[in-house]
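query08.cif (mmCIF, C-alpha atoms)
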data_entry
loop_
_atom_site.label_atom_id
_atom_site.label_comp_id
_atom_site.auth_asym_id
_atom_site.auth_seq_id
_atom_site.Cartn_x
_atom_site.Cartn_y
_atom_site.Cartn_z
CA MET H 1358 -85.10 -79.02 123.21
CA ASN H 1359 -87.42 -77.52 120.59
CA LYS H 1360 -90.79 -79.20 120.11
CA LEU H 1361 -93.06 -78.88 117.08
CA VAL H 1362 -96.56 -80.35 117.28
CA LEU H 1363 -98.44 -81.03 114.06
CA ILE H 1364 -102.11 -81.90 114.23
CA ARG H 1365 -104.44 -82.70 111.40
CA HIS H 1366 -107.81 -81.06 112.05
CA GLY H 1367 -110.53 -83.09 113.73
CA GLU H 1368 -112.95 -85.02 111.57
CA SER H 1369 -114.89 -82.63 109.31
CA LEU H 1370 -118.45 -83.00 108.07
CA TRP H 1371 -117.12 -84.04 104.66
CA ASN H 1372 -114.60 -86.45 106.20
CA LYS H 1373 -117.62 -88.07 107.84
CA GLU H 1374 -119.38 -88.25 104.45
CA ASN H 1375 -116.16 -89.45 102.74
CA ARG H 1376 -116.05 -86.51 100.32
CA PHE H 1377 -113.07 -84.84 98.68
CA THR H 1378 -112.78 -81.53 100.54
CA GLY H 1379 -109.64 -79.64 99.55
CA TRP H 1380 -110.11 -75.87 99.74
CA THR H 1381 -113.87 -76.14 100.31
CA ASP H 1382 -114.60 -74.58 103.70
CA VAL H 1383 -116.27 -77.30 105.75
CA ASP H 1384 -116.67 -77.29 109.54
CA LEU H 1385 -115.94 -80.02 112.08
CA SER H 1386 -118.31 -82.89 112.82
CA ASP H 1387 -119.30 -83.68 116.40
CA ARG H 1388 -116.55 -86.30 116.44
CA GLY H 1389 -114.09 -83.72 115.13
CA ILE H 1390 -114.98 -81.33 117.93
CA ARG H 1391 -114.35 -84.07 120.48
CA GLU H 1392 -111.04 -85.02 118.82
CA ALA H 1393 -109.77 -81.44 118.89
CA ALA H 1394 -110.69 -80.92 122.54
CA GLU H 1395 -109.14 -84.24 123.53
CA ALA H 1396 -105.91 -83.30 121.73
CA GLY H 1397 -105.76 -80.15 123.85
CA ARG H 1398 -106.28 -82.11 127.05
CA VAL H 1399 -103.53 -84.57 126.09
CA LEU H 1400 -101.07 -81.79 125.25
CA LYS H 1401 -101.80 -79.99 128.51
CA LYS H 1402 -101.31 -83.21 130.47
CA GLU H 1403 -97.97 -83.72 128.71
CA GLY H 1404 -96.83 -80.28 129.83
CA PHE H 1405 -96.81 -78.40 126.53
CA GLU H 1406 -96.94 -74.60 126.78
CA PHE H 1407 -97.05 -73.08 123.30
CA LYS H 1408 -96.10 -69.46 122.72
CA VAL H 1409 -97.36 -69.24 119.12
CA ALA H 1410 -99.56 -71.29 116.80
CA TYR H 1411 -100.14 -71.68 113.08
CA THR H 1412 -103.14 -72.75 111.03
CA SER H 1413 -104.67 -72.50 107.56
CA TYR H 1414 -107.44 -70.27 106.20
CA LEU H 1415 -109.98 -73.09 106.50
CA THR H 1416 -112.56 -73.32 109.29
CA ARG H 1417 -111.99 -76.96 110.20
CA ALA H 1418 -108.33 -76.30 111.01
CA ILE H 1419 -108.98 -72.94 112.70
CA ARG H 1420 -111.69 -74.41 114.92
CA THR H 1421 -109.48 -77.38 115.79
CA LEU H 1422 -106.80 -74.98 116.95
CA TRP H 1423 -109.29 -72.92 118.98
CA LEU H 1424 -110.67 -75.99 120.74
CA LEU H 1425 -107.17 -77.32 121.42
CA LEU H 1426 -105.92 -74.01 122.83
CA GLU H 1427 -109.10 -73.58 124.87
CA GLN H 1428 -108.40 -76.83 126.70
CA MET H 1429 -104.84 -75.62 127.37
CA ASP H 1430 -105.90 -72.15 128.59
CA LEU H 1431 -103.86 -70.67 125.72
CA LEU H 1432 -106.47 -68.84 123.67
CA TYR H 1433 -104.49 -65.64 124.14
CA ILE H 1434 -101.33 -66.67 122.26
CA PRO H 1435 -100.61 -65.28 118.76
CA VAL H 1436 -102.07 -67.35 115.90
CA TYR H 1437 -100.65 -67.01 112.40
CA LYS H 1438 -102.94 -68.01 109.53
CA THR H 1439 -101.64 -68.78 106.05
CA TRP H 1440 -103.13 -70.17 102.85
CA ARG H 1441 -99.90 -72.14 102.47
CA LEU H 1442 -101.16 -74.52 105.17
CA ASN H 1443 -104.42 -75.15 103.28
CA GLU H 1444 -105.26 -78.67 102.18
CA LYS H 1445 -104.32 -79.83 98.68
CA HIS H 1446 -106.84 -78.50 96.16
CA TYR H 1447 -108.74 -81.41 94.62
CA GLY H 1448 -110.16 -79.53 91.63
CA VAL H 1449 -113.50 -80.75 90.27
CA LEU H 1450 -113.45 -83.69 92.70
CA GLN H 1451 -114.24 -81.44 95.66
CA GLY H 1452 -117.60 -82.42 97.12
CA LEU H 1453 -117.67 -85.83 95.44
CA ASN H 1454 -117.79 -89.08 97.42
CA LYS H 1455 -114.52 -91.03 97.29
CA SER H 1456 -116.13 -94.48 97.38
CA GLU H 1457 -118.59 -93.52 94.64
CA MET H 1458 -115.69 -92.28 92.52
CA ALA H 1459 -113.94 -95.61 93.13
CA GLU H 1460 -117.03 -97.44 91.90
CA LYS H 1461 -117.17 -95.24 88.79
CA TYR H 1462 -113.48 -94.88 87.90
CA GLY H 1463 -111.81 -97.67 89.85
CA GLU H 1464 -109.85 -97.69 93.08
CA GLU H 1465 -106.52 -97.21 91.30
CA GLN H 1466 -107.64 -93.98 89.65
CA VAL H 1467 -108.94 -92.63 92.96
CA ARG H 1468 -105.66 -93.64 94.61
CA ILE H 1469 -103.78 -91.63 91.97
CA TRP H 1470 -106.01 -88.58 92.51
CA ARG H 1471 -105.65 -88.85 96.28
CA ARG H 1472 -102.05 -89.94 96.69
CA SER H 1473 -99.99 -89.45 93.52
CA TYR H 1474 -97.09 -87.11 94.16
CA ASP H 1475 -97.26 -85.22 90.89
CA VAL H 1476 -100.59 -86.01 89.17
CA ARG H 1477 -103.24 -83.31 89.61
CA PRO H 1478 -106.99 -84.05 89.60
CA PRO H 1479 -109.01 -82.31 86.84
CA ALA H 1480 -108.98 -78.57 87.51
CA LEU H 1481 -111.86 -76.23 88.27
CA ALA H 1482 -112.46 -73.83 85.38
CA PRO H 1483 -111.43 -70.24 86.17
CA ASP H 1484 -115.06 -69.12 85.89
CA ASP H 1485 -116.40 -71.90 88.14
CA PRO H 1486 -118.06 -70.21 91.16
CA ARG H 1487 -116.33 -72.77 93.39
CA HIS H 1488 -112.90 -71.50 92.28
CA PRO H 1489 -111.03 -69.97 95.24
CA ARG H 1490 -110.30 -66.81 93.28
CA PHE H 1491 -113.89 -65.79 94.10
CA ASP H 1492 -113.36 -66.32 97.85
CA PRO H 1493 -112.65 -63.06 99.72
CA ARG H 1494 -110.10 -64.70 102.00
CA TYR H 1495 -107.76 -65.02 98.99
CA LYS H 1496 -108.36 -61.58 97.48
CA ASN H 1497 -104.87 -60.33 98.34
CA LEU H 1498 -103.01 -63.32 96.90
CA ASP H 1499 -101.13 -63.22 93.63
CA PRO H 1500 -103.55 -64.80 91.11
CA GLN H 1501 -100.88 -67.31 90.11
CA ASP H 1502 -100.86 -68.62 93.68
CA ILE H 1503 -104.58 -69.45 93.65
CA PRO H 1504 -104.99 -73.01 92.35
CA GLY H 1505 -107.82 -74.70 90.51
CA THR H 1506 -106.23 -78.05 91.36
CA GLU H 1507 -103.03 -79.34 92.97
CA ALA H 1508 -100.86 -82.42 93.31
CA LEU H 1509 -99.04 -83.18 96.55
CA LYS H 1510 -95.92 -81.82 94.83
CA ASP H 1511 -97.58 -78.39 94.56
CA THR H 1512 -98.57 -78.49 98.22
CA VAL H 1513 -95.01 -79.35 99.24
CA GLU H 1514 -93.63 -76.50 97.13
CA ARG H 1515 -95.87 -73.93 98.82
CA ILE H 1516 -95.41 -75.08 102.42
CA VAL H 1517 -91.68 -75.88 102.64
CA PRO H 1518 -90.48 -72.29 102.02
CA TYR H 1519 -92.94 -71.08 104.67
CA TRP H 1520 -91.57 -73.65 107.10
CA LYS H 1521 -87.98 -72.59 106.44
CA ASN H 1522 -88.53 -68.83 106.45
CA GLU H 1523 -91.28 -68.38 109.05
CA MET H 1524 -92.08 -71.41 111.18
CA ALA H 1525 -88.63 -72.87 111.85
CA PRO H 1526 -87.17 -69.54 113.08
CA MET H 1527 -90.23 -69.07 115.31
CA LEU H 1528 -89.73 -72.56 116.76
CA ALA H 1529 -86.04 -71.85 117.44
CA LYS H 1530 -87.07 -68.65 119.24
CA HIS H 1531 -90.02 -69.90 121.28
CA LYS H 1532 -89.09 -73.60 121.74
CA GLN H 1533 -92.66 -74.89 121.30
CA VAL H 1534 -95.00 -74.36 118.34
CA VAL H 1535 -98.30 -76.02 117.39
CA VAL H 1536 -99.62 -76.28 113.84
CA ALA H 1537 -103.24 -77.25 113.11
CA ALA H 1538 -103.66 -77.93 109.42
CA HIS H 1539 -104.51 -80.66 106.91
CA GLY H 1540 -103.39 -84.09 105.79
CA ASN H 1541 -101.48 -82.98 102.71
CA SER H 1542 -99.99 -79.71 103.93
CA LEU H 1543 -98.73 -81.54 107.02
CA ARG H 1544 -97.37 -84.36 104.87
CA GLY H 1545 -95.42 -81.68 103.01
CA ILE H 1546 -93.77 -80.59 106.25
CA LEU H 1547 -93.25 -84.21 107.27
CA LYS H 1548 -91.61 -85.04 103.93
CA HIS H 1549 -89.17 -82.17 104.38
CA LEU H 1550 -88.36 -82.78 108.05
CA LYS H 1551 -87.71 -86.50 107.64
CA ASN H 1552 -86.34 -86.36 104.09
CA ILE H 1553 -88.97 -88.84 102.91
CA SER H 1554 -88.91 -89.83 99.25
CA GLU H 1555 -91.66 -88.98 96.78
CA GLU H 1556 -92.50 -92.68 96.59
CA GLU H 1557 -92.77 -93.16 100.36
CA ILE H 1558 -94.67 -89.99 101.27
CA VAL H 1559 -97.72 -90.99 99.21
CA GLY H 1560 -98.25 -93.99 101.50
CA ILE H 1561 -98.28 -92.02 104.76
CA ASN H 1562 -101.73 -91.41 106.27
CA LEU H 1563 -102.20 -88.90 109.07
CA PRO H 1564 -105.17 -89.52 111.39
CA THR H 1565 -107.45 -86.65 112.41
CA GLY H 1566 -107.01 -85.03 115.80
CA ILE H 1567 -103.85 -86.85 116.94
CA PRO H 1568 -100.87 -84.70 118.02
CA TYR H 1569 -97.66 -85.57 116.17
CA VAL H 1570 -94.55 -84.34 118.04
CA PHE H 1571 -91.16 -83.51 116.52
CA GLU H 1572 -88.20 -82.83 118.82
CA PHE H 1573 -85.19 -80.83 117.62
CA ASP H 1574 -81.89 -79.98 119.31
CA ASP H 1575 -80.69 -76.39 119.63
CA ALA H 1576 -79.22 -76.54 116.13
CA MET H 1577 -82.70 -77.49 114.84
CA LYS H 1578 -81.60 -81.01 113.94
CA LEU H 1579 -84.46 -83.49 114.24
CA GLN H 1580 -83.90 -85.94 117.11
CA ARG H 1581 -87.12 -87.96 117.17
CA ASP H 1582 -90.80 -87.85 116.25
CA TYR H 1583 -93.84 -89.64 117.68
CA PHE H 1584 -97.62 -89.54 118.00
CA LEU H 1585 -99.24 -88.86 121.35
CA GLY H 1586 -101.77 -91.61 121.95
CA ASP H 1587 -102.47 -95.33 122.01
CA PRO H 1588 -100.49 -96.95 119.15
CA GLU H 1589 -103.28 -99.43 118.39
CA VAL H 1590 -105.91 -96.68 118.20
CA ILE H 1591 -103.63 -94.58 115.97
CA LYS H 1592 -102.98 -97.55 113.69
CA LYS H 1593 -106.74 -98.09 113.32
CA LEU H 1594 -107.30 -94.41 112.53
CA MET H 1595 -104.55 -94.51 109.88
CA GLU H 1596 -106.23 -97.51 108.28
CA GLU H 1597 -109.52 -95.58 108.18
CA VAL H 1598 -107.80 -92.80 106.21
CA ALA H 1599 -106.15 -95.28 103.84
CA ASN H 1600 -109.46 -97.02 103.13
CA GLN H 1601 -111.43 -93.89 102.23
CA GLY H 1602 -110.77 -94.30 98.51
CA LYS H 1603 -111.98 -97.90 98.32
CA LYS H 1604 -115.28 -99.22 97.01
CA LYS H 1605 -117.95 -99.92 99.58
#

Starting from the file, give its structure as C-alpha cells.
Amino acid sequence: MNKLVLIRHGESLWNKENRFTGWTDVDLSDRGIREAAEAGRVLKKEGFEFKVAYTSYLTRAIRTLWLLLEQMDLLYIPVYKTWRLNEKHYGVLQGLNKSEMAEKYGEEQVRIWRRSYDVRPPALAPDDPRHPRFDPRYKNLDPQDIPGTEALKDTVERIVPYWKNEMAPMLAKHKQVVVAAHGNSLRGILKHLKNISEEEIVGINLPTGIPYVFEFDDAMKLQRDYFLGDPEVIKKLMEEVANQGKKK
C-alpha cells in the first residue's frame, strides 16, 4: 500500500488576519505552529514513516513541514522544494482583508476571486515591487512561469505535471510521502487524484494543519482517502475557511 499525506500549512499570520496571501511570504501564527506540531504527533501515532517530503518555496509551508517532521524524528529525510507547490497568486489582492473586500465589492465578487476555476484576480504590474520576479528565490525560473496573478486553473496546470513526473514515481518507490503546501496547490492535486470536476473543486475547502491521507495500490490506483482527526472538528475548520470571504 502506498500512502500520500497532503497537509495544508498551519494557520499563517495573514490567515489569522483574514488577508489574501498568495505568493507573499508570511510565517505561521502561534496557532499554526501548534497545528503543525500536532499533525506530526498524529502521524507518528498512526505509524507513518516518511522517506521523502515535498513543500513549496514559502515559509509557512516549509516551517509546517519542519515542525511536523521534528515531532516524527524525521528531520533528516530529503525535502524537495518547488515553486509549483506555491499557493495560487492573488495578484493585487494580496495583503487585502477578505471581509473588507466583501463589504466593498460584494461577497459574490470575492467568491469569484477566491474560488472561480478560471477567473484571475487583477494582476500585479510587472514593475510592482511585490511582483515575484523581484524575489531571489525565483531568479532561476523562466520569466513566463512567474505569475502576476493566477486562477485555480493555472495552479492545477503547474502542479499536475509535477505530480505525474516527480511525486508519483517517488511515492511508488518509497511507499510513503508527505506534502506540506497550500490550499489551492493541494486542491490541484486533489482534483487530479479524484477526477473532480471544475465545478465541484471550487467548493472544496481544506482546513489548515489537518493531515489528508490518500492510499494507493501497487499499480498507483487510488483506493481511499480520508482526513486524520475528529470529523466534527474538521467540519468546523472547513466552515471557517468557507466563511473567510463573507462580510463581517

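If only C-alpha atoms are the atoms counted, then among H:Glu1572, H:Ile1419, H:Asn1552, H:Thr1381 the closest residue to Pro1486 in chain H is H:Thr1381.
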
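Evaluating the PyMOL selection byres ((chain H and resi 1514) around 12) against the shown model yields Arg1441, Leu1442, Lys1445, Tyr1474, Asp1475, Asp1502, Glu1507, Ala1508, Leu1509, Lys1510, Asp1511, Thr1512, Val1513, Arg1515, Ile1516, Val1517, Pro1518, Tyr1519, Trp1520, Lys1521, Asn1541, Ser1542, Arg1544, Gly1545, Ile1546, Lys1548 and His1549 of chain H.
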
Give me a file of those residues, with C-alpha atoms, as a short mmCIF file (atom, residue, chain, number, x, y, z; two decimals), in the coordinates of the input.
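And here's result.cif as it stands now:
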data_model
loop_
_atom_site.label_atom_id
_atom_site.label_comp_id
_atom_site.auth_asym_id
_atom_site.auth_seq_id
_atom_site.Cartn_x
_atom_site.Cartn_y
_atom_site.Cartn_z
CA ARG H 1441 -99.90 -72.14 102.47
CA LEU H 1442 -101.16 -74.52 105.17
CA LYS H 1445 -104.32 -79.83 98.68
CA TYR H 1474 -97.09 -87.11 94.16
CA ASP H 1475 -97.26 -85.22 90.89
CA ASP H 1502 -100.86 -68.62 93.68
CA GLU H 1507 -103.03 -79.34 92.97
CA ALA H 1508 -100.86 -82.42 93.31
CA LEU H 1509 -99.04 -83.18 96.55
CA LYS H 1510 -95.92 -81.82 94.83
CA ASP H 1511 -97.58 -78.39 94.56
CA THR H 1512 -98.57 -78.49 98.22
CA VAL H 1513 -95.01 -79.35 99.24
CA ARG H 1515 -95.87 -73.93 98.82
CA ILE H 1516 -95.41 -75.08 102.42
CA VAL H 1517 -91.68 -75.88 102.64
CA PRO H 1518 -90.48 -72.29 102.02
CA TYR H 1519 -92.94 -71.08 104.67
CA TRP H 1520 -91.57 -73.65 107.10
CA LYS H 1521 -87.98 -72.59 106.44
CA ASN H 1541 -101.48 -82.98 102.71
CA SER H 1542 -99.99 -79.71 103.93
CA ARG H 1544 -97.37 -84.36 104.87
CA GLY H 1545 -95.42 -81.68 103.01
CA ILE H 1546 -93.77 -80.59 106.25
CA LYS H 1548 -91.61 -85.04 103.93
CA HIS H 1549 -89.17 -82.17 104.38
#

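The interatomic distance for the pair CA of Lys1401 in chain H and CA of Pro1435 in chain H works out to 17.7 Å.
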
Please provide the set of residues having any atom within 8 Å of Val1536 in chain H, restricted to only C-alpha atoms, with same-chain residues fewer than 2 positions apart removed, written as a ChimeraX atom specification. /H:1361-1364,1410-1412,1422,1534,1538

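Separating CA of Ser1413 in chain H from CA of Leu1481 in chain H is a distance of 20.9 Å.
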
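The point (-111.2, -95.5, 111.9) has these residues within 12 Å of it, counting all atoms listed in the file: Glu1368, Asn1372, Lys1373, Arg1388, Asn1562, Leu1563, Pro1564, Thr1565, Gly1566, Glu1589, Val1590, Ile1591, Lys1592, Lys1593, Leu1594, Met1595, Glu1596, Glu1597, Val1598, Ala1599, Asn1600 and Gln1601 of chain H.
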
Please write the residues from the selection above to a file, keeping C-alpha atoms, as an mmCIF file, in the coordinates of the input.
data_model
loop_
_atom_site.group_PDB
_atom_site.id
_atom_site.type_symbol
_atom_site.label_atom_id
_atom_site.label_comp_id
_atom_site.auth_asym_id
_atom_site.auth_seq_id
_atom_site.Cartn_x
_atom_site.Cartn_y
_atom_site.Cartn_z
ATOM 1 C CA GLU H 1368 -112.950 -85.020 111.570
ATOM 2 C CA ASN H 1372 -114.600 -86.450 106.200
ATOM 3 C CA LYS H 1373 -117.620 -88.070 107.840
ATOM 4 C CA ARG H 1388 -116.550 -86.300 116.440
ATOM 5 C CA ASN H 1562 -101.730 -91.410 106.270
ATOM 6 C CA LEU H 1563 -102.200 -88.900 109.070
ATOM 7 C CA PRO H 1564 -105.170 -89.520 111.390
ATOM 8 C CA THR H 1565 -107.450 -86.650 112.410
ATOM 9 C CA GLY H 1566 -107.010 -85.030 115.800
ATOM 10 C CA GLU H 1589 -103.280 -99.430 118.390
ATOM 11 C CA VAL H 1590 -105.910 -96.680 118.200
ATOM 12 C CA ILE H 1591 -103.630 -94.580 115.970
ATOM 13 C CA LYS H 1592 -102.980 -97.550 113.690
ATOM 14 C CA LYS H 1593 -106.740 -98.090 113.320
ATOM 15 C CA LEU H 1594 -107.300 -94.410 112.530
ATOM 16 C CA MET H 1595 -104.550 -94.510 109.880
ATOM 17 C CA GLU H 1596 -106.230 -97.510 108.280
ATOM 18 C CA GLU H 1597 -109.520 -95.580 108.180
ATOM 19 C CA VAL H 1598 -107.800 -92.800 106.210
ATOM 20 C CA ALA H 1599 -106.150 -95.280 103.840
ATOM 21 C CA ASN H 1600 -109.460 -97.020 103.130
ATOM 22 C CA GLN H 1601 -111.430 -93.890 102.230
#

What separates CA of Glu1555 in chain H and CA of Ala1418 in chain H is a distance of 25.3 Å

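Proximity ranking of H:Arg1398, H:Arg1468, H:Lys1408, H:Arg1376 relative to Leu1453 in chain H places H:Arg1376 first, based on all atoms listed in the file.
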
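Residues selected in this file by the PyMOL selection byres ((chain H and resi 1386) around 8) comprise Gly1367, Glu1368, Ser1369, Leu1370, Lys1373, Asp1384, Leu1385, Asp1387, Arg1388, Gly1389 and Ile1390 of chain H.
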
Name the residues that the PyMOL selection byres ((chain H and resi 1580) around 12) pulls out of this structure, and write them as a ChimeraX atom specification.
/H:1358-1361,1550-1551,1570-1579,1581-1583
